[in-house]
Every structure is written in C-alpha cells, then in structure tokens.
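Reviewing the structure listed below.
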Amino acid sequence: MTIAFTFPGQGSQSVGMGRDLADAYPAARAVFDEVDEALGEKLSATIWEGPIETLTLTANAQPALMAVSLAAIRALESEGVQVASAATFVAGHSLGEYSALAAAGSLTIADAARLLRRRGLAMQEAVPVGEGAMAALLGLDWETAEGVARDAAEGEILAVANDNAPGQVVVSGHKAAVERAIELAKERGARRPMLLPVSAPFHCPLMAPAATVMAEALAAVALNAPSVPLVANVKAAPVSDPETIRASLVEQVTGSVRWRESVEWLAANGVDCGAEIGAGKVLTGLAKRIDKSLEGVAINGPDDVRAFAERLGTAK
C-alpha cells in the first residue's frame, strides 16, 4: 500500500473537532496548547465550544483546521505511525498545504499557526465585504468553466479558483461577474451553479494584496525540506526545495487550487490510498470522484488513529 497523507481546507470545520484526540493523546493536546500560545489566545476554546460563527471566520478556521490535523498526526505518532515512513507524499487543499508542511517537518506548528492567522486576516482584508464572491459550477469540467469565466468577466476579475473533482469547479472574482457566470453556466450545461457562503473571493487575482502580505510573512519564517515531497496546489506536482515551496505558497493565494490534477498525479505515480488527516471527509469523497481505484481513509478521531496504526502494524 502506497499512501499519501492529505489535509483538509476551509469548510471542514465543526465545533468540537479534535477534542476526542486531545482527551485520548497528551501529544495531541499539546498541539492545541502550542497553537494557543503561538496566537496569544485560547483558540482551542473556540474550536471546542464555538460558536460556529466565530470558528468559521477565516482568520480562526485556518489555524484551527491546521491544529486538528496536527493533533491527529501527533496521535498517529503516539501509535508508532511516522509521516516519513508511512507516507510517500503529502498534499493539502489550500490552507491544508500548511498542515501538510507542518506534518512533514517543513514548518513548526507555531509558525504554521501564525502564518495561517495572518493569511486569514490578509485574505479577508484584501477585498471589501460585498465586492467579491465565489460560485460552484457543478456539472462543468475545467475547460468549460474557464470559458464561462472568460466570457462572464466583461472587464472585471473572474477566475477558476478550485478544480476539486470532475464536475466540481469553483469560480471567484467580482460579485457581478460571478453572478453573470452562474447564468452563463446554466446555459452551458451546469447542473446546479450556486453562490458559495464565503466572506471573500479566494484564489483569484483580487487576492493580490494578501499575496504581498504572505510573501513578507513567509520570508521571515524558516522552511526546511519536508520529510516527504509536497504535491503543491498550484503545480499539481511534487516540490521539496524550501524556496520553491515558499514561492508556491505565495502563488497559491491568487492561483487556482488544482486538486483534481494533484490527485490524478498521485494515482499515476503509485499512490493507491489517500489518508485524510484531521477534520471531516471532504477530500476522501473528492478522491473517489477523481479516481475510483483510490482507497480513501479519513482519520478524524482516536478510533481512526488506532485502526490505521493496527493496519500498518505499528499500534502499541
């Protein structure tokens, strides 16, 4: 079995996530303590007690999801599962790249938490509320969605932000352009185009101010080569050089999340199991839509951790 560890992005958050890991594994609880200390606040209280509206704020959701993913990694390590020996590649959806890099030893947990807090704030501040939007053009492939974005822009910013799976493409940009894209997508065969409940138009050129902020923030942080290669969102290919990773994290703020291509690359290069580490099962579901031959395993809680360790023969 050749495994890739994958790490979820925004939208997978829920109140109470990771608490069972913290209760079962001291090393997992230490992750939440480390994130709280790095941010100078009890983000763990928001993660475990809510309210969901506060947890879902971009500046909270991003470090929170990373904390849960790394708590799961520390729980796996407590059961003898090491990233460097168990995984051949790591990958993360948008903010999940930071989780992947922390799991692979490229970033410290504290640095990942501070970077994601800064990233969330910068992305929220890049575009005034109400000026941008995102929409899922369900039923359209990448090429058709690109054509819709090009034709609906009409001089405004509109781009394909996420290629998540066949028939699941997201566009992002000026709100009026996104609304035009929804109508045009219906004409071109979209099954159910819809506005997404997001607070900013992520992964499009409107995020350029946030990319500038992240370039400065990332320049000030030490990055090591990851213990296993990262399949980067913007390249849909593996990267290990720290400076290449740094550049791809900046590019990712305005660039497309090429998740479908990333999973296809993993499958084409020997990976037959994707282990989703952290909150939810979104990436496990997407993997099945991308390549039915891939096995998906979601590792959310202590039972998942123990079962995975037993399967790999490392359980203590």
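Ordered as shown in the structure tokens, chains take letters A, B, and onward, while each chain numbers its residues from 1 and ligands are numbered from 1 in the order shown.
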
Counting only C-alpha atoms, give me one row per residue of segment 195-253 of chain A with an atom at most 7 Å from an atom of segment 82-93 of chain A, showing the shortest contact pair and its distance in Å to one decimal, sorted by chain then residue number, as a Markdown table.
```
| residue | atom | partner | partner_atom | distance |
| --- | --- | --- | --- | --- |
| A:Ser227 | CA | A:Ala84 | CA | 5.4 |
| A:Val228 | CA | A:Phe89 | CA | 5.4 |
| A:Pro229 | CA | A:Phe89 | CA | 5.2 |
| A:Leu230 | CA | A:Val90 | CA | 4.9 |
| A:Val231 | CA | A:Ala91 | CA | 5.1 |
| A:Ala232 | CA | A:Ala91 | CA | 6.6 |
```

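Here the strand (DSSP E or B) residues in segment 194-249 of chain A, by DSSP on the backbone, are Met194, Leu195, Leu230, Val231, Ala232, Ala237, Pro238 and Val239 of chain A.
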
Selected residues written out, N, CA and C atoms, as a short mmCIF file (atom, residue, chain, number, x, y, z; two decimals), in the first residue's frame:
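Dumped everything to result_25.cif:
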```cif
data_model
loop_
_atom_site.label_atom_id
_atom_site.label_comp_id
_atom_site.auth_asym_id
_atom_site.auth_seq_id
_atom_site.Cartn_x
_atom_site.Cartn_y
_atom_site.Cartn_z
N MET A 194 -24.18 27.68 -8.07
CA MET A 194 -24.68 28.37 -6.88
C MET A 194 -23.59 29.23 -6.25
N LEU A 195 -24.02 30.35 -5.68
CA LEU A 195 -23.12 31.16 -4.87
C LEU A 195 -22.71 30.39 -3.63
N LEU A 230 5.90 17.45 -1.07
CA LEU A 230 4.58 18.06 -1.08
C LEU A 230 4.10 18.17 -2.52
N VAL A 231 2.90 17.65 -2.82
CA VAL A 231 2.29 17.87 -4.12
C VAL A 231 1.54 19.20 -4.02
N ALA A 232 2.10 20.23 -4.65
CA ALA A 232 1.65 21.61 -4.44
C ALA A 232 0.39 21.93 -5.24
N ALA A 237 2.12 18.96 -8.79
CA ALA A 237 3.36 18.19 -8.94
C ALA A 237 4.15 18.33 -7.64
N PRO A 238 5.07 17.39 -7.39
CA PRO A 238 5.79 17.41 -6.12
C PRO A 238 6.86 18.48 -6.04
N VAL A 239 7.02 19.06 -4.86
CA VAL A 239 8.09 20.03 -4.59
C VAL A 239 8.72 19.67 -3.25
#
```

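Among the candidates A:Ala215, A:Ala136, A:Trp48, A:Thr244, the residue lying nearest to Leu21 of chain A is A:Trp48 (atoms considered: only C-alpha atoms).
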
Q: Might you pull out every residue within 8 Å of Ala27 of chain A, with only C-alpha atoms counted and same-chain residues fewer than 2 positions away left off, and present them as a VMD selection string?
A: chain A and resid 22 25 29 to 31 71 74 to 75 78

Restrict the selected residues to N, CA, C and O atoms and save them as an mmCIF file, in the first residue's frame.
```
data_model
loop_
_atom_site.group_PDB
_atom_site.id
_atom_site.type_symbol
_atom_site.label_atom_id
_atom_site.label_comp_id
_atom_site.auth_asym_id
_atom_site.auth_seq_id
_atom_site.Cartn_x
_atom_site.Cartn_y
_atom_site.Cartn_z
ATOM 1 N N ALA A 22 -7.516 15.170 21.692
ATOM 2 C CA ALA A 22 -6.829 15.811 22.817
ATOM 3 C C ALA A 22 -7.067 15.051 24.120
ATOM 4 O O ALA A 22 -6.169 14.959 24.976
ATOM 5 N N TYR A 25 -4.945 11.553 23.699
ATOM 6 C CA TYR A 25 -3.493 11.576 23.469
ATOM 7 C C TYR A 25 -2.882 12.875 24.002
ATOM 8 O O TYR A 25 -3.174 13.955 23.487
ATOM 9 N N ARG A 29 -3.102 16.919 22.626
ATOM 10 C CA ARG A 29 -3.478 18.098 23.426
ATOM 11 C C ARG A 29 -2.368 19.147 23.386
ATOM 12 O O ARG A 29 -2.655 20.352 23.339
ATOM 13 N N ALA A 30 -1.134 18.708 23.369
ATOM 14 C CA ALA A 30 -0.009 19.649 23.349
ATOM 15 C C ALA A 30 -0.021 20.506 22.087
ATOM 16 O O ALA A 30 0.438 21.658 22.115
ATOM 17 N N VAL A 31 -0.553 19.974 20.985
ATOM 18 C CA VAL A 31 -0.648 20.763 19.753
ATOM 19 C C VAL A 31 -1.571 21.962 19.970
ATOM 20 O O VAL A 31 -1.243 23.091 19.590
ATOM 21 N N ALA A 71 -2.868 17.624 15.473
ATOM 22 C CA ALA A 71 -3.206 16.794 16.631
ATOM 23 C C ALA A 71 -3.373 15.340 16.197
ATOM 24 O O ALA A 71 -2.914 14.408 16.885
ATOM 25 N N ARG A 74 0.090 13.893 15.597
ATOM 26 C CA ARG A 74 0.774 13.546 16.860
ATOM 27 C C ARG A 74 0.157 12.297 17.484
ATOM 28 O O ARG A 74 0.867 11.485 18.098
ATOM 29 N N ALA A 75 -1.159 12.128 17.322
ATOM 30 C CA ALA A 75 -1.797 10.909 17.821
ATOM 31 C C ALA A 75 -1.278 9.689 17.047
ATOM 32 O O ALA A 75 -0.978 8.638 17.639
ATOM 33 N N SER A 78 2.059 8.811 18.232
ATOM 34 C CA SER A 78 1.976 8.128 19.530
ATOM 35 C C SER A 78 1.699 6.639 19.360
ATOM 36 O O SER A 78 2.025 5.835 20.241
#
```

**Q.** Thr46 of chain A environment, 12 Å, only C-alpha atoms, sequence neighbours closer than 3 positions dropped, as JSON, numbers by chain
**A.** {"A": [13, 14, 15, 16, 17, 18, 19, 32, 36, 41, 42, 43, 49, 50, 51, 52, 53, 54, 55, 56, 57, 60, 61, 63, 64, 65]}

Q | Residue nearest Ala298 of chain A among A:Leu101, A:Ala135, A:Ala279, A:Leu286 (counting only C-alpha atoms) | A | A:Ala279

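Those residues that approach Trp259 of chain A to within 6 Å, counting only C-alpha atoms, are Asp163, Asn164 and Ser262 of chain A; same-chain residues fewer than 3 positions away are not listed.
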
Q: Per DSSP on the backbone, filter segment 62-310 of chain A down to the residues in alpha helix (DSSP H) and report them as a PyMOL selection string.
A: chain A and resi 62-78+83-86+96-103+109-126+142-153+175-187+208-219+242-254+259-268+282-290+302-310

Q | Surrounding residues of Gly189 of chain A excluding itself and chain neighbours under 3 positions, 10 Å, only C-alpha atoms, as a PyMOL selection string | A | chain A and resi 137-140+144+184-186+192-193

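Here the question is which of A:Glu183, A:Glu125, A:Glu146, A:Glu156 gets nearest to Val171 of chain A using only C-alpha atoms, and that residue is A:Glu146.
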
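Residue neighbourhood of Asn269 of chain A, excluding near-sequence residues (fewer than 5 positions): Thr2, Val263 and Glu264 of chain A, at 10 Å, using only C-alpha atoms.
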
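For the pair atom CA of Ala38 of chain A and atom CA of Val129 of chain A, the interatomic distance is 28.1 Å.
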
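Atom CA of Val160 of chain A sits 17.9 Å away from atom CA of Ala210 of chain A.
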